[in-house]
Amino acid sequence: MADFELPGYELYERLGRGGMASVYRALHLNLDREVAIKVMDPAMSADENFSERFIREARISARLTHPSILQIYDVNTFSGMNYIAMEYLPAGDLADIIYTGIAQSTIYEVMRQMTEALDYAAGQGYVHRDIKPSNIMLRGKDDYVLADFGIARAANSGTQMTQTGLMVGTPSYMSPEQAKGLEVDGRSDLYALAVLWYEMMVKALPYDSDSAVTTAVKHLTEAIPTLPEHLSVYQEFLDKAMAKNPAERFQTGAELYRYLRDASAGFNDDQVLTPAREVPEQSTAADADIGGDGTVVSDSGMLAGSADQTQVSGASLRATGSARPYKLEGTAQRERLVSGMYAKEQTSSGSSKGLWIVLLLVALGGGGYAAYTTWQDQQEASQRGMRSVAESISMAYRSLEADDLTQAVTAFSEVLELDSGNRAARQGLADVEKRFGAQISAALSERDVATASGLLDEMAAVMPNSQSMPGLLAQTEALQGELAAAEAEALAVAEAEQALNALLLDASSALDSAAQDLARGPEAAELFRRALEMEPDNGAALDGLDKLTAYYADAADDAANAGDFVRAEDLLVSGLAVFPGQSELQALQASLPGLEEAWLAAAEARAEEEARLAAEQAAAAEALAAAQADANAAMAAIGGGELASARDTYEDLLEEFPDMDATVALGAQLLTAYADLAREQLEIEDYDAVESTLENGRSLAPDYADWLELETELEAARTSSRRRLGAF
């Protein structure tokens, strides 16, 4: 039980205690609801800054109403104590299970719910700044809750609860911009969530050391880790999620989650990709949170002198035993608590003294960064001194990252003036010396003496006692000698190249002329050969000689195809004079007699074929003329009434010259003659003759329109004749 009372609550047991607050399990009497109450120590409440931070956490969390953000029920002050009533979550936190064999479905749920919560918080203008496993609590199975907005701040707020340039958060999960002490936004929280995803998947942190500052610096300077082979499909996701530059990361939680699910398409939800492993032992300094005022908070979440981040893990809750039955009836104490009325003021022993020693922080190893704080007035000078060290270390690392090495040396030197044994500063100077050496070596490898000399001058000015300076200077001077010799050689090469280019220009001009007149061929060949003497493998010269050879061969081949074998022989002789022993020209010269013989035979065959074709054409013309004469005679026969003779001629012409105009005209004239004859026969009532005439005409053109008309007239005439004769 607590040794104090709060109006409206019945307090049972203390669940945990931090540097400035304790958490109790309690019953909210009016609501009949079990809650967790965080009570700020009265001595801390006396400090306006701490009190403001404590209340700020409650107000920020109370504004954020989201299923995946811890619910705040009440915030109040009683008897000099600030307190917050919040959702009671006995199921533990993610830190309890993160190193167990977690199924993919669980990881997806954690990431989905946390990205939704962070997008919501960012949309409300808040950045959490301390995403880590112990701040993700379990409400129930697959129901995760983001807790502890103790160091959160409004992204657009002018209120600065921490000093600019100091780190706030937990180093193992801290974004590069957060490690620099810069202003952050929601993308910083997404970076921390990506680190947490890495820890769930790999069962290790991406960057770790025995020093909080060294861990933070690793986030700034070291490459993004390479995932194990069986997780390599996630590498592209990790590279983007943990990009050093916020602009290159996912810009929203929704985007991050979609990318993660797309990358995990090859896995089943129930797969466990990485087996459980023992939780690694980490040093207090390396696992510490860094508060907004430069203090360190242990990873358990118990505050040590900064904005309160008290977390109660499931493990600590379970250690307290089962919950006591609620006492809801029949006590005077309950009536007083519900009403909020007390007979006398409750006080806490020693709360008015104000002499509190919050926590003396450990000096961080590895990076050599020491930080501590105290709240007594007599320690303010020491506190300012340590903050000056912290600011100089932070500025030095930022300068080192930006390659402002002179400024980095100055900043590290300032630290050593304040703390001559500071290991971080000594290591920083060693890192600067290495960076100088690396940059000078890189310049030398690129044969950039000017840059190397400038860097050496800068290094000599700020680090005159550097042990690596003599060796780097000797390398630079040696390179200067090499470059001087190389410059003279390059000048000679340039002059030779200039002469070669002039020669090739003349040779190309001669080659262009030779394409039209092979009399320029020898000149072009000579120029190209002189170029090859200067540079035996010169491609332009070799290509020019090949083109010139082709000009001779093509010209000779064209002459041979035209039957001018004398010219072809002359061209090949000229080409072989320029290119003695050239195989293509020799082969073409050897083939000329055979080509000439074949050409003559082909010419004779062509002459014979031409004569045959001429005879055939003459015979065809003669036959056509005869057919034309026959057609004219048949036309005359039609005029004389000799239709049978004309028909015989038409049928003969139709067989041999069906498309001849005279044949077509004769056929048309015959049809007209047969129709006219039939009409004459109708007039003299020679009906049998009409029928015979129609039969002859129809045999020539069955579809001729006049036949149907004449048949109708014939039938009508016969009917009329029968009537006259009395047939009816």
# chains A, B, ... in the order shown; residues from 1 in each chain; ligands from 1
>>> residues_around(residues="A:Ile107", least_positions_apart="2", cutoff="10 Å", atoms="only C-alpha atoms", output="NGL selection string")
:A and (98 or 102-105 or 109-112 or 142 or 197 or 200-201 or 269 or 272)
>>> atom_distance(atom1="atom CA of A:Asn501", atom2="atom CA of A:Arg529")
13.4 Å
>>> residues_around(residues="stretch 467-484 of chain A", least_positions_apart="5", cutoff="8 Å", atoms="only C-alpha atoms", output="list in words")
Glu433, Gly437, Ile440, Ser441, Leu444, Arg447, Val449, Ala452, Ser453, Leu456, Met459 and Ala460 of chain A
>>> residues_around(residues="A:Thr549", least_positions_apart="2", cutoff="12 Å", atoms="only C-alpha atoms", output="JSON, numbers by chain")
{"A": [511, 514, 515, 518, 521, 522, 524, 525, 542, 543, 544, 545, 546, 547, 551, 552, 553, 554, 555, 556, 571, 572, 574, 575, 576, 577, 578, 579, 580, 581, 582, 583, 584, 585, 586]}
>>> residues_around(residues="A:Thr663", least_positions_apart="2", cutoff="7 Å", atoms="only C-alpha atoms", output="NGL selection string")
:A and (631 or 650 or 653-654 or 657-661 or 665-667)
>>> write_last_selection(atoms="C-alpha atoms", output="PDB file, in the first residue's frame")
ATOM      1  CA  ALA A 631     -11.975  -8.767-138.005  1.00  0.00           C
ATOM      2  CA  TYR A 650     -15.295 -14.157-134.569  1.00  0.00           C
ATOM      3  CA  LEU A 653     -10.433 -14.564-133.141  1.00  0.00           C
ATOM      4  CA  LEU A 654     -12.034 -15.200-129.751  1.00  0.00           C
ATOM      5  CA  PHE A 657      -7.047 -12.876-129.509  1.00  0.00           C
ATOM      6  CA  PRO A 658      -9.904 -12.659-126.970  1.00  0.00           C
ATOM      7  CA  ASP A 659      -8.834  -9.292-125.554  1.00  0.00           C
ATOM      8  CA  MET A 660      -8.111  -7.593-128.889  1.00  0.00           C
ATOM      9  CA  ASP A 661     -10.302  -4.508-129.347  1.00  0.00           C
ATOM     10  CA  ALA A 665     -16.079  -4.949-131.346  1.00  0.00           C
ATOM     11  CA  LEU A 666     -16.832  -7.796-133.761  1.00  0.00           C
ATOM     12  CA  GLY A 667     -18.675  -9.741-131.062  1.00  0.00           C
TER      13      GLY A 667
END
>>> residues_around(residues="A:Ile37", least_positions_apart="5", cutoff="9 Å", atoms="only C-alpha atoms", output="MDAnalysis selection string")
chainID A and resid 11 22:26 83:88
>>> select_by_dssp(residues="stretch 13-128 of chain A", states="strand (DSSP E)", output="VMD selection string")
chain A and resid 13 to 17 21 to 28 33 to 40 72 to 78 81 to 87 126 to 127
>>> atom_distance(atom1="atom CA of A:Ser134", atom2="atom CA of A:Ala95")
5.1 Å
>>> select_by_dssp(residues="stretch 107-146 of chain A", states="alpha helix (DSSP H)", output="ChimeraX atom specification")
/A:107-123
